[in-house]
>>> print(open('input-v3.cif').read())   # mmCIF, N, CA and C atoms
data_data
#
loop_
_atom_site.label_atom_id
_atom_site.label_comp_id
_atom_site.auth_asym_id
_atom_site.auth_seq_id
_atom_site.Cartn_x
_atom_site.Cartn_y
_atom_site.Cartn_z
N MET A 6 -59.46 29.63 131.25
CA MET A 6 -58.96 30.78 130.54
C MET A 6 -57.82 31.46 131.34
N ALA A 7 -58.04 31.58 132.66
CA ALA A 7 -57.02 32.20 133.51
C ALA A 7 -55.74 31.36 133.48
N ARG A 8 -55.86 30.07 133.45
CA ARG A 8 -54.71 29.18 133.40
C ARG A 8 -53.93 29.37 132.09
N LEU A 9 -54.65 29.53 131.00
CA LEU A 9 -54.02 29.75 129.70
C LEU A 9 -53.27 31.08 129.69
N LEU A 10 -53.82 32.10 130.31
CA LEU A 10 -53.17 33.40 130.40
C LEU A 10 -51.89 33.31 131.24
N GLN A 11 -51.91 32.54 132.35
CA GLN A 11 -50.72 32.36 133.18
C GLN A 11 -49.61 31.66 132.40
N ILE A 12 -49.97 30.64 131.63
CA ILE A 12 -48.98 29.92 130.83
C ILE A 12 -48.38 30.85 129.77
N PHE A 13 -49.23 31.64 129.13
CA PHE A 13 -48.77 32.58 128.11
C PHE A 13 -47.80 33.59 128.72
N LEU A 14 -48.13 34.16 129.88
CA LEU A 14 -47.26 35.12 130.55
C LEU A 14 -45.93 34.47 130.96
N PHE A 15 -46.01 33.26 131.47
CA PHE A 15 -44.80 32.53 131.85
C PHE A 15 -43.88 32.33 130.64
N LEU A 16 -44.44 31.92 129.51
CA LEU A 16 -43.65 31.72 128.29
C LEU A 16 -43.06 33.05 127.80
N LEU A 17 -43.84 34.11 127.87
CA LEU A 17 -43.38 35.42 127.42
C LEU A 17 -42.19 35.91 128.27
N ILE A 18 -42.30 35.75 129.58
CA ILE A 18 -41.22 36.16 130.48
C ILE A 18 -39.98 35.30 130.25
N THR A 19 -40.18 34.00 130.06
CA THR A 19 -39.05 33.09 129.81
C THR A 19 -38.32 33.45 128.52
N VAL A 20 -39.06 33.72 127.46
CA VAL A 20 -38.45 34.10 126.19
C VAL A 20 -37.69 35.42 126.33
N ASP A 21 -38.28 36.38 127.05
CA ASP A 21 -37.63 37.67 127.26
C ASP A 21 -36.31 37.50 128.01
N LEU A 22 -36.32 36.73 129.09
CA LEU A 22 -35.09 36.50 129.86
C LEU A 22 -34.04 35.76 129.04
N ALA A 23 -34.45 34.78 128.28
CA ALA A 23 -33.52 34.02 127.45
C ALA A 23 -32.89 34.90 126.38
N SER A 24 -33.66 35.79 125.78
CA SER A 24 -33.10 36.67 124.74
C SER A 24 -32.10 37.64 125.34
N ARG A 25 -32.32 38.08 126.56
CA ARG A 25 -31.34 38.96 127.22
C ARG A 25 -30.04 38.22 127.49
N ARG A 26 -30.10 36.98 127.88
CA ARG A 26 -28.89 36.20 128.13
C ARG A 26 -28.13 35.95 126.83
N VAL A 27 -28.84 35.69 125.74
CA VAL A 27 -28.18 35.47 124.46
C VAL A 27 -27.44 36.73 124.05
N GLN A 28 -28.03 37.89 124.24
CA GLN A 28 -27.38 39.14 123.91
C GLN A 28 -26.11 39.32 124.75
N ALA A 29 -26.17 38.97 126.01
CA ALA A 29 -25.01 39.11 126.89
C ALA A 29 -23.88 38.16 126.49
N TRP A 30 -24.22 36.99 125.96
CA TRP A 30 -23.19 36.05 125.53
C TRP A 30 -22.40 36.61 124.36
N GLY A 31 -23.05 37.35 123.47
CA GLY A 31 -22.39 37.86 122.27
C GLY A 31 -21.42 38.99 122.53
N SER A 32 -21.70 39.83 123.50
CA SER A 32 -20.82 40.96 123.78
C SER A 32 -20.84 41.25 125.28
N PRO A 33 -19.66 41.55 125.82
CA PRO A 33 -19.61 41.81 127.26
C PRO A 33 -20.31 43.12 127.61
N LYS A 34 -20.91 43.15 128.75
CA LYS A 34 -21.61 44.33 129.23
C LYS A 34 -20.56 45.38 129.63
N ILE A 35 -20.78 46.61 129.18
CA ILE A 35 -19.87 47.70 129.53
C ILE A 35 -20.27 48.22 130.90
N VAL A 36 -19.40 48.03 131.86
CA VAL A 36 -19.64 48.49 133.23
C VAL A 36 -19.28 49.97 133.33
N ARG A 37 -18.14 50.33 132.73
CA ARG A 37 -17.69 51.72 132.69
C ARG A 37 -17.09 51.97 131.31
N PRO A 38 -17.64 52.94 130.54
CA PRO A 38 -17.13 53.18 129.18
C PRO A 38 -15.73 53.79 129.19
N PHE A 39 -15.12 53.84 127.99
CA PHE A 39 -13.78 54.38 127.87
C PHE A 39 -13.69 55.77 128.48
N ALA A 40 -12.65 55.96 129.29
CA ALA A 40 -12.37 57.25 129.92
C ALA A 40 -10.86 57.43 129.95
N ASP A 41 -10.42 58.69 129.81
CA ASP A 41 -8.99 58.99 129.81
C ASP A 41 -8.34 58.56 131.12
N ILE A 42 -7.14 58.01 130.98
CA ILE A 42 -6.31 57.65 132.14
C ILE A 42 -4.88 58.06 131.83
N PRO A 43 -4.04 58.23 132.85
CA PRO A 43 -2.65 58.64 132.60
C PRO A 43 -1.87 57.58 131.81
N LYS A 44 -1.04 58.07 130.88
CA LYS A 44 -0.24 57.13 130.09
C LYS A 44 0.84 56.46 130.91
N SER A 45 1.12 56.99 132.10
CA SER A 45 2.12 56.38 132.98
C SER A 45 1.55 55.23 133.81
N TYR A 46 0.24 55.02 133.76
CA TYR A 46 -0.43 53.96 134.51
C TYR A 46 0.16 52.61 134.12
N VAL A 47 0.45 51.78 135.09
CA VAL A 47 1.17 50.53 134.86
C VAL A 47 0.48 49.61 133.84
N TYR A 48 -0.85 49.55 133.86
CA TYR A 48 -1.54 48.68 132.91
C TYR A 48 -1.55 49.26 131.50
N VAL A 49 -1.45 50.58 131.39
CA VAL A 49 -1.30 51.20 130.07
C VAL A 49 0.06 50.81 129.50
N GLN A 50 1.09 50.90 130.33
CA GLN A 50 2.44 50.54 129.89
C GLN A 50 2.49 49.07 129.46
N GLN A 51 1.81 48.22 130.21
CA GLN A 51 1.78 46.80 129.87
C GLN A 51 1.03 46.59 128.55
N ALA A 52 -0.08 47.29 128.34
CA ALA A 52 -0.85 47.16 127.11
C ALA A 52 -0.04 47.67 125.91
N VAL A 53 0.69 48.76 126.08
CA VAL A 53 1.54 49.29 125.00
C VAL A 53 2.65 48.29 124.68
N TRP A 54 3.28 47.74 125.69
CA TRP A 54 4.33 46.74 125.47
C TRP A 54 3.78 45.56 124.66
N TYR A 55 2.61 45.06 125.07
CA TYR A 55 2.00 43.93 124.37
C TYR A 55 1.63 44.30 122.93
N ALA A 56 1.04 45.49 122.75
CA ALA A 56 0.64 45.93 121.41
C ALA A 56 1.85 46.01 120.48
N MET A 57 2.95 46.53 120.98
CA MET A 57 4.15 46.64 120.15
C MET A 57 4.76 45.27 119.85
N LYS A 58 4.71 44.40 120.81
CA LYS A 58 5.20 43.03 120.59
C LYS A 58 4.38 42.37 119.47
N GLU A 59 3.07 42.50 119.54
CA GLU A 59 2.20 41.91 118.52
C GLU A 59 2.36 42.61 117.17
N TYR A 60 2.50 43.93 117.21
CA TYR A 60 2.69 44.67 115.96
C TYR A 60 3.97 44.21 115.26
N ASN A 61 5.08 44.17 115.98
CA ASN A 61 6.35 43.76 115.38
C ASN A 61 6.33 42.32 114.89
N LYS A 62 5.63 41.47 115.61
CA LYS A 62 5.53 40.07 115.20
C LYS A 62 4.78 39.94 113.87
N ALA A 63 3.72 40.74 113.69
CA ALA A 63 2.90 40.65 112.48
C ALA A 63 3.45 41.47 111.31
N SER A 64 4.29 42.44 111.59
CA SER A 64 4.82 43.33 110.55
C SER A 64 5.77 42.59 109.61
N ARG A 65 5.72 42.97 108.34
CA ARG A 65 6.63 42.38 107.35
C ARG A 65 7.92 43.18 107.22
N ASP A 66 8.01 44.26 107.96
CA ASP A 66 9.21 45.10 107.93
C ASP A 66 10.39 44.33 108.52
N LYS A 67 11.59 44.56 108.00
CA LYS A 67 12.79 43.88 108.50
C LYS A 67 13.22 44.43 109.85
N TYR A 68 12.76 45.65 110.16
CA TYR A 68 13.18 46.32 111.38
C TYR A 68 12.04 46.40 112.39
N ASN A 69 12.42 46.44 113.65
CA ASN A 69 11.44 46.62 114.72
C ASN A 69 11.00 48.08 114.78
N PHE A 70 9.80 48.26 115.29
CA PHE A 70 9.27 49.59 115.58
C PHE A 70 9.16 49.71 117.09
N ARG A 71 9.24 50.94 117.57
CA ARG A 71 8.99 51.17 118.99
C ARG A 71 8.25 52.49 119.16
N VAL A 72 7.73 52.70 120.34
CA VAL A 72 6.87 53.85 120.64
C VAL A 72 7.70 55.13 120.72
N VAL A 73 7.22 56.15 120.03
CA VAL A 73 7.77 57.50 120.15
C VAL A 73 7.01 58.24 121.24
N ASP A 74 5.66 58.12 121.20
CA ASP A 74 4.83 58.81 122.18
C ASP A 74 3.46 58.14 122.26
N ILE A 75 2.91 58.13 123.46
CA ILE A 75 1.53 57.69 123.66
C ILE A 75 0.68 58.95 123.60
N MET A 76 -0.12 59.08 122.56
CA MET A 76 -0.90 60.29 122.35
C MET A 76 -2.17 60.31 123.21
N LYS A 77 -2.77 59.13 123.38
CA LYS A 77 -4.03 59.03 124.13
C LYS A 77 -4.12 57.64 124.75
N SER A 78 -4.59 57.60 125.99
CA SER A 78 -4.81 56.31 126.65
C SER A 78 -6.13 56.37 127.41
N GLN A 79 -6.95 55.36 127.17
CA GLN A 79 -8.25 55.27 127.83
C GLN A 79 -8.46 53.84 128.31
N GLU A 80 -9.30 53.72 129.34
CA GLU A 80 -9.62 52.41 129.90
C GLU A 80 -11.14 52.24 129.93
N GLN A 81 -11.58 51.03 129.63
CA GLN A 81 -12.99 50.65 129.70
C GLN A 81 -13.08 49.38 130.53
N LEU A 82 -14.13 49.29 131.32
CA LEU A 82 -14.34 48.12 132.16
C LEU A 82 -15.51 47.32 131.64
N THR A 83 -15.26 46.06 131.28
CA THR A 83 -16.30 45.10 130.89
C THR A 83 -16.08 43.89 131.81
N ASP A 84 -16.07 42.71 131.24
CA ASP A 84 -15.68 41.54 132.02
C ASP A 84 -14.17 41.47 132.15
N SER A 85 -13.50 42.46 131.52
CA SER A 85 -12.05 42.61 131.58
C SER A 85 -11.74 44.10 131.56
N LEU A 86 -10.47 44.43 131.50
CA LEU A 86 -10.05 45.82 131.32
C LEU A 86 -9.65 45.98 129.87
N GLU A 87 -10.17 47.00 129.21
CA GLU A 87 -9.83 47.24 127.81
C GLU A 87 -9.16 48.60 127.70
N TYR A 88 -8.05 48.63 126.96
CA TYR A 88 -7.28 49.86 126.81
C TYR A 88 -7.30 50.32 125.37
N TYR A 89 -7.73 51.56 125.18
CA TYR A 89 -7.71 52.21 123.88
C TYR A 89 -6.45 53.08 123.86
N LEU A 90 -5.58 52.84 122.88
CA LEU A 90 -4.29 53.52 122.83
C LEU A 90 -4.08 54.14 121.45
N GLU A 91 -3.76 55.42 121.44
CA GLU A 91 -3.31 56.09 120.22
C GLU A 91 -1.82 56.31 120.41
N VAL A 92 -1.02 55.68 119.55
CA VAL A 92 0.41 55.63 119.76
C VAL A 92 1.15 56.04 118.49
N LYS A 93 2.14 56.89 118.65
CA LYS A 93 3.03 57.24 117.54
C LYS A 93 4.23 56.31 117.63
N ILE A 94 4.51 55.58 116.54
CA ILE A 94 5.62 54.64 116.53
C ILE A 94 6.56 54.96 115.38
N ALA A 95 7.79 54.49 115.48
CA ALA A 95 8.77 54.73 114.42
C ALA A 95 9.69 53.52 114.28
N ARG A 96 10.24 53.40 113.07
CA ARG A 96 11.17 52.31 112.76
C ARG A 96 12.49 52.55 113.50
N THR A 97 13.04 51.47 114.04
CA THR A 97 14.32 51.54 114.73
C THR A 97 15.43 51.02 113.82
N MET A 98 16.64 51.06 114.31
CA MET A 98 17.78 50.53 113.56
C MET A 98 18.02 49.05 113.86
N CYS A 99 17.22 48.48 114.74
CA CYS A 99 17.39 47.06 115.10
C CYS A 99 16.55 46.17 114.20
N LYS A 100 17.21 45.18 113.64
CA LYS A 100 16.49 44.21 112.82
C LYS A 100 15.76 43.24 113.73
N LYS A 101 14.69 42.66 113.20
CA LYS A 101 13.87 41.73 113.99
C LYS A 101 14.66 40.54 114.50
N ALA A 102 15.65 40.10 113.73
CA ALA A 102 16.43 38.93 114.13
C ALA A 102 17.14 39.14 115.46
N LEU A 103 17.36 40.41 115.83
CA LEU A 103 18.06 40.69 117.08
C LEU A 103 17.14 40.60 118.29
N GLY A 104 15.84 40.57 118.07
CA GLY A 104 14.89 40.41 119.17
C GLY A 104 14.48 41.71 119.81
N ASP A 105 14.84 41.91 121.06
CA ASP A 105 14.41 43.05 121.88
C ASP A 105 14.64 44.39 121.17
N ASN A 106 13.63 45.27 121.23
CA ASN A 106 13.77 46.55 120.56
C ASN A 106 13.62 47.74 121.50
N GLU A 107 13.54 47.52 122.78
CA GLU A 107 13.28 48.60 123.73
C GLU A 107 14.43 49.59 123.82
N ASN A 108 15.66 49.17 123.54
CA ASN A 108 16.81 50.05 123.64
C ASN A 108 17.34 50.48 122.28
N CYS A 109 16.64 50.17 121.23
CA CYS A 109 17.10 50.50 119.88
C CYS A 109 16.90 51.97 119.57
N LEU A 110 17.84 52.54 118.83
CA LEU A 110 17.72 53.92 118.38
C LEU A 110 16.80 53.98 117.17
N PHE A 111 16.13 55.11 117.01
CA PHE A 111 15.29 55.32 115.84
C PHE A 111 16.16 55.55 114.61
N GLN A 112 15.64 55.18 113.45
CA GLN A 112 16.33 55.42 112.19
C GLN A 112 16.56 56.92 112.01
N TYR A 113 17.75 57.29 111.57
CA TYR A 113 18.02 58.71 111.29
C TYR A 113 18.23 58.95 109.80
N ASP A 114 18.48 57.89 109.03
CA ASP A 114 18.62 58.00 107.58
C ASP A 114 17.25 58.34 106.99
N PRO A 115 17.14 59.46 106.27
CA PRO A 115 15.84 59.87 105.72
C PRO A 115 15.17 58.80 104.86
N LYS A 116 15.97 57.98 104.18
CA LYS A 116 15.41 56.92 103.34
C LYS A 116 14.81 55.78 104.17
N MET A 117 15.30 55.63 105.38
CA MET A 117 14.85 54.53 106.24
C MET A 117 13.81 54.95 107.29
N LYS A 118 13.67 56.24 107.51
CA LYS A 118 12.73 56.72 108.52
C LYS A 118 11.31 56.34 108.13
N LYS A 119 10.55 55.92 109.11
CA LYS A 119 9.13 55.63 108.90
C LYS A 119 8.43 55.84 110.23
N THR A 120 7.42 56.69 110.22
CA THR A 120 6.66 56.99 111.42
C THR A 120 5.20 56.70 111.13
N MET A 121 4.52 56.14 112.12
CA MET A 121 3.12 55.77 111.95
C MET A 121 2.32 56.16 113.19
N LEU A 122 1.04 56.38 112.97
CA LEU A 122 0.11 56.60 114.07
C LEU A 122 -0.77 55.35 114.14
N CYS A 123 -0.79 54.72 115.30
CA CYS A 123 -1.53 53.47 115.46
C CYS A 123 -2.60 53.61 116.54
N ILE A 124 -3.68 52.91 116.31
CA ILE A 124 -4.73 52.76 117.32
C ILE A 124 -4.76 51.28 117.68
N PHE A 125 -4.57 51.02 118.95
CA PHE A 125 -4.63 49.66 119.47
C PHE A 125 -5.72 49.60 120.53
N ILE A 126 -6.46 48.50 120.55
CA ILE A 126 -7.33 48.21 121.68
C ILE A 126 -6.87 46.85 122.22
N VAL A 127 -6.46 46.86 123.47
CA VAL A 127 -5.91 45.66 124.11
C VAL A 127 -6.80 45.29 125.28
N ARG A 128 -7.21 44.02 125.31
CA ARG A 128 -7.98 43.50 126.43
C ARG A 128 -7.02 42.88 127.42
N SER A 129 -7.23 43.19 128.68
CA SER A 129 -6.36 42.67 129.73
C SER A 129 -7.19 42.06 130.84
N LYS A 130 -6.74 40.91 131.28
CA LYS A 130 -7.29 40.29 132.48
C LYS A 130 -6.08 40.02 133.39
N PRO A 131 -5.64 41.06 134.11
CA PRO A 131 -4.41 40.91 134.89
C PRO A 131 -4.49 39.83 135.96
N TRP A 132 -5.68 39.56 136.46
CA TRP A 132 -5.83 38.53 137.47
C TRP A 132 -5.63 37.14 136.89
N ARG A 133 -5.61 37.01 135.54
CA ARG A 133 -5.35 35.74 134.88
C ARG A 133 -4.08 35.80 134.03
N PHE A 134 -3.38 36.93 134.06
CA PHE A 134 -2.19 37.15 133.26
C PHE A 134 -2.47 36.98 131.77
N GLU A 135 -3.61 37.52 131.31
CA GLU A 135 -4.02 37.39 129.91
C GLU A 135 -4.05 38.76 129.24
N LEU A 136 -3.54 38.79 128.01
CA LEU A 136 -3.61 39.98 127.17
C LEU A 136 -4.05 39.53 125.78
N ALA A 137 -4.87 40.35 125.11
CA ALA A 137 -5.32 40.03 123.76
C ALA A 137 -5.51 41.32 122.97
N MET A 138 -5.13 41.28 121.70
CA MET A 138 -5.30 42.42 120.82
C MET A 138 -6.71 42.37 120.22
N LEU A 139 -7.49 43.41 120.45
CA LEU A 139 -8.84 43.49 119.88
C LEU A 139 -8.86 44.31 118.60
N LYS A 140 -7.96 45.28 118.50
CA LYS A 140 -7.91 46.12 117.30
C LYS A 140 -6.48 46.61 117.10
N LYS A 141 -6.07 46.64 115.83
CA LYS A 141 -4.75 47.15 115.45
C LYS A 141 -4.93 47.86 114.12
N GLU A 142 -4.77 49.18 114.13
CA GLU A 142 -4.96 49.98 112.93
C GLU A 142 -3.86 51.05 112.87
N CYS A 143 -3.03 51.01 111.84
CA CYS A 143 -1.92 51.95 111.74
C CYS A 143 -1.93 52.63 110.37
N LYS A 144 -1.48 53.90 110.37
CA LYS A 144 -1.34 54.62 109.10
C LYS A 144 -0.07 55.46 109.14
N ASP A 145 0.55 55.61 107.99
CA ASP A 145 1.78 56.41 107.88
C ASP A 145 1.48 57.88 108.16
N ILE A 146 2.43 58.54 108.79
CA ILE A 146 2.31 59.99 108.99
C ILE A 146 3.57 60.68 108.51
#
>>> encode(input="input-v3.cif", output="structure tokens")
Amino acid sequence: MARLLQIFLFLLITVDLASRRVQAWGSPKIVRPFADIPKSYVYVQQAVWYAMKEYNKASRDKYNFRVVDIMKSQEQLTDSLEYYLEVKIARTMCKKALGDNENCLFQYDPKMKKTMLCIFIVRSKPWRFELAMLKKECKDI
């Protein structure tokens, strides 16, 4: 009887440990939750650059958009660094065919002006030179 109880306990512990590992595989463990960080922080700037590159690539607009202001920047630590960004962006006068949009002026023609508020979450693994967009949500303002 004692042997049967030991086997049952062993199986119970094994199943418990295995279920914890399966949960960890599905989502990374949050080591430090999102907390405000300065928008001038180098990795925030890198995440914003990447987010805008991805936004412009996916946008159907003929013109590039660029950042007007970073409203909020937060960092979370998991198995990577994750950046939560609230960014105000606007349409520029540069068409996508021209490429780089960092030096483009914003549209001043009222018919062409378009401003949006976007929320981006960018995952970064700087030690591997990897960036990935986890969330991209924009609305007109």
>>> closest_residue(input="input-v3.cif", among="A:Ala63, A:Leu82, A:Met98, A:Val73", to="Val36 of chain A", atoms="all atoms listed in the file")
A:Leu82
>>> resolve_selection(input="input-v3.cif", expression="the PyMOL selection byres ((chain A and resi 85) around 7)", output="ChimeraX atom specification")
/A:81-84,86-87,128-130
>>> atom_distance(input="input-v3.cif", atom1="atom CA of Pro38 of chain A", atom2="atom CA of Tyr89 of chain A")
10.9 Å
>>> atom_distance(input="input-v3.cif", atom1="atom CA of Ser78 of chain A", atom2="atom CA of Val49 of chain A")
7.1 Å
>>> residues_near_point(input="input-v3.cif", point="(-6.8, 40.7, 121.8)", cutoff="7 Å", atoms="only N, CA and C atoms", output="JSON list (two decimals) with N, CA and C atoms, keeping the file's coordinate frame")
[["chain", "number", "residue", "atom", "x", "y", "z"],
["A", 126, "ILE", "N", -6.46, 48.50, 120.55],
["A", 126, "ILE", "CA", -7.33, 48.21, 121.68],
["A", 126, "ILE", "C", -6.87, 46.85, 122.22],
["A", 127, "VAL", "N", -6.46, 46.86, 123.47],
["A", 127, "VAL", "CA", -5.91, 45.66, 124.11],
["A", 127, "VAL", "C", -6.80, 45.29, 125.28],
["A", 128, "ARG", "N", -7.21, 44.02, 125.31],
["A", 128, "ARG", "CA", -7.98, 43.50, 126.43],
["A", 128, "ARG", "C", -7.02, 42.88, 127.42],
["A", 136, "LEU", "N", -3.54, 38.79, 128.01],
["A", 136, "LEU", "CA", -3.61, 39.98, 127.17],
["A", 136, "LEU", "C", -4.05, 39.53, 125.78],
["A", 137, "ALA", "N", -4.87, 40.35, 125.11],
["A", 137, "ALA", "CA", -5.32, 40.03, 123.76],
["A", 137, "ALA", "C", -5.51, 41.32, 122.97],
["A", 138, "MET", "N", -5.13, 41.28, 121.70],
["A", 138, "MET", "CA", -5.30, 42.42, 120.82],
["A", 138, "MET", "C", -6.71, 42.37, 120.22],
["A", 139, "LEU", "N", -7.49, 43.41, 120.45],
["A", 139, "LEU", "CA", -8.84, 43.49, 119.88],
["A", 139, "LEU", "C", -8.86, 44.31, 118.60],
["A", 140, "LYS", "N", -7.96, 45.28, 118.50],
["A", 140, "LYS", "CA", -7.91, 46.12, 117.30],
["A", 140, "LYS", "C", -6.48, 46.61, 117.10]]
